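Trainee: Got a structure for you, data03.cif, holding mmCIF, C-alpha atoms.
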data_query
loop_
_atom_site.group_PDB
_atom_site.id
_atom_site.type_symbol
_atom_site.label_atom_id
_atom_site.label_comp_id
_atom_site.auth_asym_id
_atom_site.auth_seq_id
_atom_site.Cartn_x
_atom_site.Cartn_y
_atom_site.Cartn_z
ATOM 1 C CA MET A 1 115.600 70.660 88.613
ATOM 2 C CA LYS A 2 118.631 71.433 86.439
ATOM 3 C CA TYR A 3 121.292 73.911 87.482
ATOM 4 C CA ILE A 4 124.418 75.134 85.743
ATOM 5 C CA ALA A 5 127.426 75.931 87.882
ATOM 6 C CA LEU A 6 129.680 78.451 86.121
ATOM 7 C CA LEU A 7 133.288 78.391 87.305
ATOM 8 C CA TYR A 8 134.985 81.781 87.412
ATOM 9 C CA GLY A 9 138.520 82.716 88.375
ATOM 10 C CA GLU A 10 141.074 85.418 87.756
ATOM 11 C CA PRO A 11 143.976 84.388 85.519
ATOM 12 C CA GLY A 12 146.792 83.119 87.734
ATOM 13 C CA ALA A 13 144.516 82.518 90.711
ATOM 14 C CA GLY A 14 145.052 79.174 92.343
ATOM 15 C CA PRO A 15 148.086 76.894 92.127
ATOM 16 C CA ALA A 16 150.424 77.100 89.086
ATOM 17 C CA PRO A 17 150.521 74.142 86.695
ATOM 18 C CA GLY A 18 153.330 71.711 87.457
ATOM 19 C CA THR A 19 153.281 72.286 91.222
ATOM 20 C CA PRO A 20 152.169 69.606 93.690
ATOM 21 C CA GLU A 21 149.368 71.976 94.762
ATOM 22 C CA PHE A 22 148.090 71.989 91.187
ATOM 23 C CA MET A 23 147.968 68.187 91.157
ATOM 24 C CA GLU A 24 146.145 68.327 94.465
ATOM 25 C CA MET A 25 143.584 70.715 92.977
ATOM 26 C CA LEU A 26 143.068 68.381 90.008
ATOM 27 C CA GLY A 27 142.447 65.599 92.513
ATOM 28 C CA GLU A 28 139.840 67.762 94.235
ATOM 29 C CA PHE A 29 138.112 68.371 90.911
ATOM 30 C CA GLN A 30 138.099 64.634 90.262
ATOM 31 C CA SER A 31 136.661 63.761 93.650
ATOM 32 C CA ALA A 32 133.996 66.489 93.416
ATOM 33 C CA THR A 33 132.996 65.242 89.956
ATOM 34 C CA ALA A 34 132.978 61.635 91.185
ATOM 35 C CA ALA A 35 130.769 62.565 94.173
ATOM 36 C CA MET A 36 128.256 64.237 91.831
ATOM 37 C CA ALA A 37 128.316 61.280 89.442
ATOM 38 C CA ASP A 38 127.878 58.771 92.295
ATOM 39 C CA ALA A 39 124.906 60.744 93.625
ATOM 40 C CA GLY A 40 123.361 60.652 90.138
ATOM 41 C CA VAL A 41 123.148 64.452 89.838
ATOM 42 C CA LEU A 42 125.892 65.048 87.247
ATOM 43 C CA VAL A 43 124.515 65.756 83.760
ATOM 44 C CA ASP A 44 127.667 67.138 82.159
ATOM 45 C CA SER A 45 130.806 69.032 83.045
ATOM 46 C CA GLY A 46 133.945 70.303 81.439
ATOM 47 C CA PRO A 47 136.797 72.796 81.582
ATOM 48 C CA LEU A 48 136.908 75.466 78.885
ATOM 49 C CA GLN A 49 139.823 76.571 76.721
ATOM 50 C CA PRO A 50 140.958 80.101 77.717
ATOM 51 C CA PRO A 51 138.967 83.197 76.631
ATOM 52 C CA GLN A 52 141.573 84.021 73.947
ATOM 53 C CA THR A 53 140.227 81.017 72.007
ATOM 54 C CA ALA A 54 136.691 82.405 72.035
ATOM 55 C CA THR A 55 134.853 83.701 68.988
ATOM 56 C CA THR A 56 131.771 85.837 69.508
ATOM 57 C CA VAL A 57 128.944 85.639 66.995
ATOM 58 C CA ARG A 58 126.421 88.394 66.356
ATOM 59 C CA VAL A 59 123.791 88.517 63.650
ATOM 60 C CA ARG A 60 122.837 92.103 62.735
ATOM 61 C CA ASP A 61 120.456 92.909 59.881
ATOM 62 C CA GLY A 62 120.738 89.308 58.756
ATOM 63 C CA GLU A 63 124.503 89.497 58.530
ATOM 64 C CA THR A 64 126.728 87.309 60.664
ATOM 65 C CA GLN A 65 129.504 89.234 62.364
ATOM 66 C CA LEU A 66 132.369 87.467 64.086
ATOM 67 C CA SER A 67 134.763 88.943 66.580
ATOM 68 C CA ASP A 68 137.882 87.515 68.124
ATOM 69 C CA GLY A 69 137.611 87.034 71.872
ATOM 70 C CA PRO A 70 134.965 86.729 74.569
ATOM 71 C CA PHE A 71 131.682 88.660 74.735
ATOM 72 C CA ALA A 72 132.830 90.693 77.721
ATOM 73 C CA GLU A 73 136.304 91.501 78.995
ATOM 74 C CA ILE A 74 136.021 90.907 82.709
ATOM 75 C CA LYS A 75 138.620 90.292 85.366
ATOM 76 C CA GLU A 76 137.205 86.909 86.344
ATOM 77 C CA GLN A 77 137.100 84.494 83.429
ATOM 78 C CA LEU A 78 134.680 81.657 82.808
ATOM 79 C CA GLY A 79 136.825 78.549 83.068
ATOM 80 C CA GLY A 80 134.414 75.639 83.114
ATOM 81 C CA TYR A 81 130.962 74.423 83.984
ATOM 82 C CA TYR A 82 128.958 71.688 85.635
ATOM 83 C CA ILE A 83 125.360 70.875 84.767
ATOM 84 C CA LEU A 84 123.613 69.242 87.725
ATOM 85 C CA ASP A 85 120.160 67.782 88.172
ATOM 86 C CA CYS A 86 119.340 68.290 91.856
ATOM 87 C CA GLU A 87 116.220 68.158 93.990
ATOM 88 C CA ASP A 88 116.584 71.771 95.101
ATOM 89 C CA LEU A 89 118.892 74.785 95.302
ATOM 90 C CA ASP A 90 120.403 73.658 98.618
ATOM 91 C CA ALA A 91 121.661 70.434 97.033
ATOM 92 C CA ALA A 92 123.096 72.304 94.040
ATOM 93 C CA LEU A 93 124.858 74.780 96.348
ATOM 94 C CA ARG A 94 126.365 71.927 98.392
ATOM 95 C CA TYR A 95 127.898 70.390 95.257
ATOM 96 C CA ALA A 96 129.038 73.803 94.009
ATOM 97 C CA ALA A 97 130.976 74.305 97.246
ATOM 98 C CA MET A 98 132.894 71.072 96.541
ATOM 99 C CA ILE A 99 134.333 72.485 93.288
ATOM 100 C CA PRO A 100 137.861 73.868 93.892
ATOM 101 C CA SER A 101 137.019 76.999 91.851
ATOM 102 C CA ALA A 102 134.853 78.085 94.795
ATOM 103 C CA LYS A 103 138.080 78.275 96.810
ATOM 104 C CA TYR A 104 140.235 80.094 94.237
ATOM 105 C CA GLY A 105 137.545 82.115 92.490
ATOM 106 C CA SER A 106 133.781 81.772 92.509
ATOM 107 C CA VAL A 107 131.057 79.463 91.303
ATOM 108 C CA GLU A 108 127.810 80.964 90.039
ATOM 109 C CA VAL A 109 124.830 78.645 90.315
ATOM 110 C CA ARG A 110 121.918 79.348 87.977
ATOM 111 C CA PRO A 111 118.730 77.345 87.516
ATOM 112 C CA VAL A 112 118.122 76.170 83.952
ATOM 113 C CA MET A 113 114.732 77.437 82.803
ATOM 114 C CA VAL A 114 112.124 74.774 82.138
ATOM 115 C CA MET A 115 110.467 75.423 78.787
ATOM 116 C CA GLY A 116 106.859 74.355 78.336
ATOM 117 C CA PRO A 117 105.680 72.181 75.432
ATOM 118 C CA HIS A 118 105.293 74.029 72.132
ATOM 119 C CA MET B 1 100.276 75.711 101.964
ATOM 120 C CA ALA B 2 103.283 77.414 100.510
ATOM 121 C CA LYS B 3 105.250 74.186 100.898
ATOM 122 C CA LEU B 4 102.617 72.352 98.920
ATOM 123 C CA ALA B 5 102.427 74.977 96.209
ATOM 124 C CA GLY B 6 106.196 75.661 96.123
ATOM 125 C CA ASP B 7 105.218 79.198 95.218
ATOM 126 C CA LEU B 8 104.325 81.850 97.789
ATOM 127 C CA SER B 9 102.116 83.887 95.455
ATOM 128 C CA LEU B 10 100.087 80.833 94.472
ATOM 129 C CA ALA B 11 99.752 79.853 98.138
ATOM 130 C CA GLU B 12 98.473 83.315 99.039
ATOM 131 C CA ASP B 13 95.981 83.298 96.157
ATOM 132 C CA CYS B 14 94.640 79.880 97.134
ATOM 133 C CA ALA B 15 94.371 80.861 100.813
ATOM 134 C CA GLN B 16 92.357 83.923 99.789
ATOM 135 C CA GLU B 17 90.080 81.838 97.580
ATOM 136 C CA ALA B 18 89.519 79.389 100.424
ATOM 137 C CA SER B 19 88.679 82.204 102.836
ATOM 138 C CA ALA B 20 86.207 83.593 100.308
ATOM 139 C CA ALA B 21 84.628 80.145 99.987
ATOM 140 C CA ALA B 22 84.311 79.999 103.798
ATOM 141 C CA VAL B 23 82.519 83.369 103.893
ATOM 142 C CA GLU B 24 80.075 82.070 101.268
ATOM 143 C CA GLN B 25 79.439 78.600 102.644
ATOM 144 C CA TRP B 26 79.613 78.805 106.429
ATOM 145 C CA PRO B 27 76.585 81.050 106.958
ATOM 146 C CA CYS B 28 74.455 78.526 105.000
ATOM 147 C CA GLU B 29 76.020 75.224 106.016
ATOM 148 C CA GLY B 30 77.167 76.058 109.533
ATOM 149 C CA LEU B 31 80.673 76.116 110.976
ATOM 150 C CA PRO B 32 82.756 72.997 110.199
ATOM 151 C CA ALA B 33 84.212 70.992 113.104
ATOM 152 C CA ASN B 34 87.703 72.305 112.361
ATOM 153 C CA PRO B 35 87.382 75.710 110.652
ATOM 154 C CA GLY B 36 91.147 76.204 110.293
ATOM 155 C CA GLY B 37 91.563 72.739 108.833
ATOM 156 C CA TRP B 38 88.636 73.336 106.477
ATOM 157 C CA VAL B 39 90.213 76.466 105.031
ATOM 158 C CA VAL B 40 93.585 74.751 104.642
ATOM 159 C CA ALA B 41 91.993 71.715 102.979
ATOM 160 C CA VAL B 42 90.095 73.903 100.493
ATOM 161 C CA ALA B 43 93.191 75.996 99.802
ATOM 162 C CA ARG B 44 95.249 72.866 99.236
ATOM 163 C CA ARG B 45 92.644 71.546 96.826
ATOM 164 C CA ARG B 46 92.762 74.825 94.898
ATOM 165 C CA ALA B 47 96.560 74.666 94.837
ATOM 166 C CA LEU B 48 96.518 71.072 93.609
ATOM 167 C CA ASP B 49 94.034 71.980 90.862
ATOM 168 C CA HIS B 50 96.339 74.785 89.800
ATOM 169 C CA LEU B 51 99.408 72.553 89.882
ATOM 170 C CA ARG B 52 97.659 69.953 87.740
ATOM 171 C CA ARG B 53 96.845 72.613 85.193
ATOM 172 C CA GLU B 54 100.444 73.709 85.285
ATOM 173 C CA SER B 55 101.688 70.192 84.621
ATOM 174 C CA ALA B 56 104.310 71.600 82.267
ATOM 175 C CA ARG B 57 106.226 72.406 85.427
ATOM 176 C CA ALA B 58 107.770 68.991 85.492
ATOM 177 C CA GLY B 59 107.613 66.929 88.650
ATOM 178 C CA LYS B 60 105.668 69.489 90.667
ATOM 179 C CA GLU B 61 102.385 67.664 90.589
ATOM 180 C CA ARG B 62 103.974 64.406 91.665
ATOM 181 C CA GLN B 63 105.629 66.207 94.564
ATOM 182 C CA ALA B 64 102.380 67.925 95.496
ATOM 183 C CA VAL B 65 100.447 64.682 95.508
ATOM 184 C CA GLN B 66 103.110 63.098 97.705
ATOM 185 C CA GLU B 67 102.829 65.960 100.189
ATOM 186 C CA TRP B 68 99.059 65.707 100.074
ATOM 187 C CA ALA B 69 99.258 62.025 100.975
ATOM 188 C CA VAL B 70 101.100 62.684 104.227
ATOM 189 C CA THR B 71 98.655 65.352 105.413
ATOM 190 C CA ASP B 72 96.081 64.524 108.081
ATOM 191 C CA PRO B 73 92.652 63.809 106.594
ATOM 192 C CA ASP B 74 91.173 66.865 108.287
ATOM 193 C CA GLY B 75 93.983 69.026 106.944
ATOM 194 C CA SER B 76 94.954 70.141 110.441
ATOM 195 C CA THR B 77 98.723 70.182 109.924
ATOM 196 C CA VAL B 78 98.933 73.904 109.449
ATOM 197 C CA ALA B 79 101.294 75.154 112.134
ATOM 198 C CA GLY B 80 104.582 73.952 113.557
ATOM 199 C CA ASP B 81 107.101 72.698 111.037
ATOM 200 C CA ASP B 82 105.307 74.293 108.110
ATOM 201 C CA GLN B 83 105.672 77.758 109.590
ATOM 202 C CA LEU B 84 109.277 77.065 110.472
ATOM 203 C CA ALA B 85 109.908 75.870 106.925
ATOM 204 C CA LEU B 86 108.461 79.171 105.710
ATOM 205 C CA LEU B 87 110.716 81.119 108.046
ATOM 206 C CA PHE B 88 113.805 79.259 106.844
ATOM 207 C CA ALA B 89 112.848 79.772 103.199
ATOM 208 C CA CYS B 90 112.221 83.500 103.738
ATOM 209 C CA CYS B 91 115.648 83.764 105.389
ATOM 210 C CA HIS B 92 117.482 81.523 102.930
ATOM 211 C CA PRO B 93 121.114 82.608 102.547
ATOM 212 C CA ALA B 94 120.623 82.760 98.770
ATOM 213 C CA LEU B 95 118.366 85.794 99.330
ATOM 214 C CA ASN B 96 119.969 89.121 100.186
ATOM 215 C CA PRO B 97 119.533 90.241 103.825
ATOM 216 C CA ALA B 98 117.166 93.101 102.936
ATOM 217 C CA SER B 99 114.878 90.687 101.115
ATOM 218 C CA ARG B 100 114.998 88.242 104.023
ATOM 219 C CA VAL B 101 113.623 90.684 106.576
ATOM 220 C CA THR B 102 111.020 92.046 104.155
ATOM 221 C CA LEU B 103 109.767 88.626 103.112
ATOM 222 C CA THR B 104 109.676 87.366 106.717
ATOM 223 C CA LEU B 105 107.558 90.348 107.794
ATOM 224 C CA ARG B 106 105.222 89.735 104.876
ATOM 225 C CA VAL B 107 104.946 85.954 104.783
ATOM 226 C CA VAL B 108 105.658 84.774 108.337
ATOM 227 C CA CYS B 109 104.321 87.747 110.299
ATOM 228 C CA GLY B 110 101.584 88.538 107.777
ATOM 229 C CA LEU B 111 102.186 92.302 107.728
ATOM 230 C CA PRO B 112 100.732 94.215 104.783
ATOM 231 C CA THR B 113 103.144 95.865 102.375
ATOM 232 C CA ALA B 114 102.223 99.363 103.587
ATOM 233 C CA SER B 115 103.092 98.494 107.202
ATOM 234 C CA ILE B 116 106.432 96.982 106.188
ATOM 235 C CA ALA B 117 107.224 100.124 104.208
ATOM 236 C CA ARG B 118 106.520 102.263 107.293
ATOM 237 C CA LEU B 119 108.585 100.007 109.555
ATOM 238 C CA LEU B 120 111.583 99.903 107.233
ATOM 239 C CA LEU B 121 111.255 103.587 106.263
ATOM 240 C CA LEU B 122 111.120 102.782 102.560
ATOM 241 C CA PRO B 123 108.632 103.644 99.821
ATOM 242 C CA GLU B 124 105.852 101.103 99.401
ATOM 243 C CA PRO B 125 106.594 100.314 95.726
ATOM 244 C CA ALA B 126 110.184 99.439 96.667
ATOM 245 C CA ILE B 127 108.938 96.994 99.301
ATOM 246 C CA ALA B 128 106.374 95.504 96.915
ATOM 247 C CA GLN B 129 109.077 95.060 94.272
ATOM 248 C CA ARG B 130 111.417 93.449 96.785
ATOM 249 C CA ILE B 131 108.724 90.977 97.839
ATOM 250 C CA VAL B 132 107.909 90.056 94.241
ATOM 251 C CA ARG B 133 111.591 89.531 93.392
ATOM 252 C CA ALA B 134 112.238 87.414 96.484
ATOM 253 C CA LYS B 135 109.191 85.217 95.860
ATOM 254 C CA ARG B 136 110.238 84.786 92.243
ATOM 255 C CA LYS B 137 113.731 83.750 93.287
ATOM 256 C CA ILE B 138 112.351 81.183 95.754
ATOM 257 C CA ARG B 139 110.175 79.704 93.022
ATOM 258 C CA ASP B 140 112.567 79.860 90.068
ATOM 259 C CA ALA B 141 115.807 78.973 91.843
ATOM 260 C CA GLY B 142 114.246 75.944 93.517
ATOM 261 C CA ILE B 143 114.533 77.042 97.151
ATOM 262 C CA ARG B 144 112.596 74.322 98.918
ATOM 263 C CA LEU B 145 110.281 75.197 101.772
ATOM 264 C CA ARG B 146 111.630 72.833 104.395
ATOM 265 C CA VAL B 147 113.172 72.782 107.847
ATOM 266 C CA PRO B 148 116.921 72.257 107.338
ATOM 267 C CA ASP B 149 118.527 68.990 108.439
ATOM 268 C CA PRO B 150 120.266 69.077 111.845
ATOM 269 C CA GLY B 151 123.705 69.416 110.247
ATOM 270 C CA GLU B 152 122.678 72.504 108.290
ATOM 271 C CA ARG B 153 120.841 74.215 111.140
ATOM 272 C CA PRO B 154 123.620 76.258 112.779
ATOM 273 C CA ALA B 155 124.505 77.949 109.487
ATOM 274 C CA ARG B 156 120.870 78.417 108.512
ATOM 275 C CA LEU B 157 119.953 79.829 111.930
ATOM 276 C CA ALA B 158 122.764 82.354 111.540
ATOM 277 C CA SER B 159 121.193 83.324 108.245
ATOM 278 C CA VAL B 160 117.789 83.696 109.915
ATOM 279 C CA ARG B 161 119.353 85.994 112.515
ATOM 280 C CA ARG B 162 121.119 88.080 109.887
ATOM 281 C CA GLY B 163 117.853 88.233 107.992
ATOM 282 C CA GLN B 164 116.222 90.013 110.888
ATOM 283 C CA GLY B 165 119.007 92.568 111.245
ATOM 284 C CA PRO B 166 119.534 94.928 114.163
ATOM 285 C CA GLY B 167 118.089 98.359 114.612
ATOM 286 C CA HIS B 168 114.472 97.842 113.738
ATOM 287 C CA ARG B 169 112.363 98.630 116.756
ATOM 288 C CA LEU B 170 109.872 95.921 116.254
ATOM 289 C CA GLN B 171 108.821 94.222 119.414
ATOM 290 C CA GLN B 172 107.276 90.807 119.436
ATOM 291 C CA LEU B 173 105.728 90.922 116.037
ATOM 292 C CA GLY B 174 102.975 88.402 115.716
ATOM 293 C CA ARG B 175 102.727 87.874 119.472
ATOM 294 C CA ASP B 176 99.922 85.386 118.958
ATOM 295 C CA ARG B 177 101.890 83.243 116.560
ATOM 296 C CA ARG B 178 103.944 80.223 117.404
ATOM 297 C CA VAL B 179 106.902 81.710 115.611
ATOM 298 C CA CYS B 180 107.674 84.926 117.438
ATOM 299 C CA VAL B 181 110.145 87.167 115.678
ATOM 300 C CA VAL B 182 111.909 89.650 117.899
ATOM 301 C CA VAL B 183 113.803 91.911 115.564
ATOM 302 C CA GLY B 184 114.942 94.734 117.829
ATOM 303 C CA VAL B 185 117.399 92.580 119.741
ATOM 304 C CA ASP B 186 118.915 91.037 116.607
ATOM 305 C CA ARG B 187 117.750 87.526 117.201
ATOM 306 C CA VAL B 188 114.930 85.192 116.529
ATOM 307 C CA ARG B 189 113.164 83.265 119.220
ATOM 308 C CA LEU B 190 111.385 80.155 118.210
ATOM 309 C CA HIS B 191 108.687 79.312 120.708
ATOM 310 C CA GLY B 192 106.469 76.338 121.143
ATOM 311 C CA GLY B 193 108.829 73.356 121.295
ATOM 312 C CA PHE B 194 109.898 73.364 117.679
ATOM 313 C CA PRO B 195 112.399 70.700 116.740
ATOM 314 C CA VAL B 196 115.079 73.297 116.081
ATOM 315 C CA ALA B 197 114.659 75.037 119.412
ATOM 316 C CA GLY B 198 117.367 72.806 120.875
ATOM 317 C CA ALA B 199 119.764 73.849 118.129
ATOM 318 C CA LEU B 200 119.609 77.477 119.244
ATOM 319 C CA PRO B 201 122.611 78.483 121.311
ATOM 320 C CA PRO B 202 121.675 79.862 124.726
ATOM 321 C CA GLY B 203 121.173 83.590 125.207
#
Here is a file; write its structure as structure tokens.

Mentor:
Amino acid sequence: MKYIALLYGEPGAGPAPGTPEFMEMLGEFQSATAAMADAGVLVDSGPLQPPQTATTVRVRDGETQLSDGPFAEIKEQLGGYYILDCEDLDAALRYAAMIPSAKYGSVEVRPVMVMGPH
Amino acid sequence: MAKLAGDLSLAEDCAQEASAAAVEQWPCEGLPANPGGWVVAVARRRALDHLRRESARAGKERQAVQEWAVTDPDGSTVAGDDQLALLFACCHPALNPASRVTLTLRVVCGLPTASIARLLLLPEPAIAQRIVRAKRKIRDAGIRLRVPDPGERPARLASVRRGQGPGHRLQQLGRDRRVCVVVGVDRVRLHGGFPVAGALPPG
């Protein structure tokens, strides 16, 4: 079963870039990712550029409308994701807890819907 | 049953169908040697038929067939770990505490929706909605119906306890069941030598 782990954090939460704590956090990300890859559950993962780089697309009455910025202005920003293929929710939650974002912000785990054949 | 089906609603439907089949067949063919096992075996067969039809739900059938293979031929493995697995699923920490107690009363203790509504002092539609949502989450989020591994048990038992919640004056619900939920004293007693009984702290 596939799950997406969405990594949220407030801007400035967690260690500042350039500090030893920041390097430590990067190390924790690497070891969490390596543990998922070794267990064969990692499908994909990646950090995201900040919300200011986002462009939101809407199509209304056949016309494409673009707006600068994220869909919703919220305090906690989406900063990255992991896609995992796990046997059940418990396994996905265990891996999610290994991601440093769970410590400095939160990780939302959502099952990916299985679509039937068309 | 629910473990096999991975879906509480499907399990309930199949159990009902099997009971209906028993009412039809037993008066003509006589009581089987193991009536409980007979009903479970028929219900399992119904569930497997359904799962085969639903083969779009990837991997489910394979899992179901594997579970089927480890069941006793007379289908007599109905109590014990299966009921515990149900209890742990109903009280999974990914469900909110209100849903945990509601679903446990419904699925583990077998109380009808109307009785749960009276016990929890809530309107019946709210309880029905809560049950539907919780079952849907168990199915769609991939909450497995299983007894947690020893390492996970302390945390999961805490979640079971929180799921029961204090303040409800329910005494020894399901007294005749192997899993005896005592809600009023804010704890769950697991009777009958279950493997997790040793993991429960004293008191």

Trainee: Find the residues in chain B near chain A: any atom within 7 Å counts, using all atoms listed in the file. Write them as a ChimeraX atom specification.

Mentor: /B:56,141-144

Trainee: Distance cut-off 10 Å, centre (143.7, 85.0, 82.1) in file coordinates, counting only C-alpha atoms: which residues qualify? Return them as a ChimeraX atom specification.

Mentor: /A:9-13,50-52,74-79

Trainee: Could you turn the residues from that selection into a file that holds C-alpha atoms, as a PDB file, in the frame of the given file?

Mentor:
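Written output follows (out-v5.pdb):
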ATOM      1  CA  GLY A   9     138.520  82.716  88.375  1.00  0.00           C
ATOM      2  CA  GLU A  10     141.074  85.418  87.756  1.00  0.00           C
ATOM      3  CA  PRO A  11     143.976  84.388  85.519  1.00  0.00           C
ATOM      4  CA  GLY A  12     146.792  83.119  87.734  1.00  0.00           C
ATOM      5  CA  ALA A  13     144.516  82.518  90.711  1.00  0.00           C
ATOM      6  CA  PRO A  50     140.958  80.101  77.717  1.00  0.00           C
ATOM      7  CA  PRO A  51     138.967  83.197  76.631  1.00  0.00           C
ATOM      8  CA  GLN A  52     141.573  84.021  73.947  1.00  0.00           C
ATOM      9  CA  ILE A  74     136.021  90.907  82.709  1.00  0.00           C
ATOM     10  CA  LYS A  75     138.620  90.292  85.366  1.00  0.00           C
ATOM     11  CA  GLU A  76     137.205  86.909  86.344  1.00  0.00           C
ATOM     12  CA  GLN A  77     137.100  84.494  83.429  1.00  0.00           C
ATOM     13  CA  LEU A  78     134.680  81.657  82.808  1.00  0.00           C
ATOM     14  CA  GLY A  79     136.825  78.549  83.068  1.00  0.00           C
TER      15      GLY A  79
END

Trainee: Decode the PyMOL selection byres ((chain A and resi 43) around 9) for the given file into explicit residues and return them as a ChimeraX atom specification.

Mentor: /A:2,37,40-42,44-45,82-85

Trainee: Could you jot down the atom CA of Thr113 of chain B to atom CA of Ser99 of chain B separation for me, Å, one decimal place?

Mentor: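 Straight-line distance from atom CA of Thr113 of chain B to atom CA of Ser99 of chain B works out to 12.9 Å.
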
Trainee: Find, counting only C-alpha atoms, the residue in A:Pro70, A:Pro100, A:Gly14, A:Gly62 that gets nearest to Gly27 of chain A.

Mentor: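 Smallest distance to Gly27 of chain A is found for A:Pro100.
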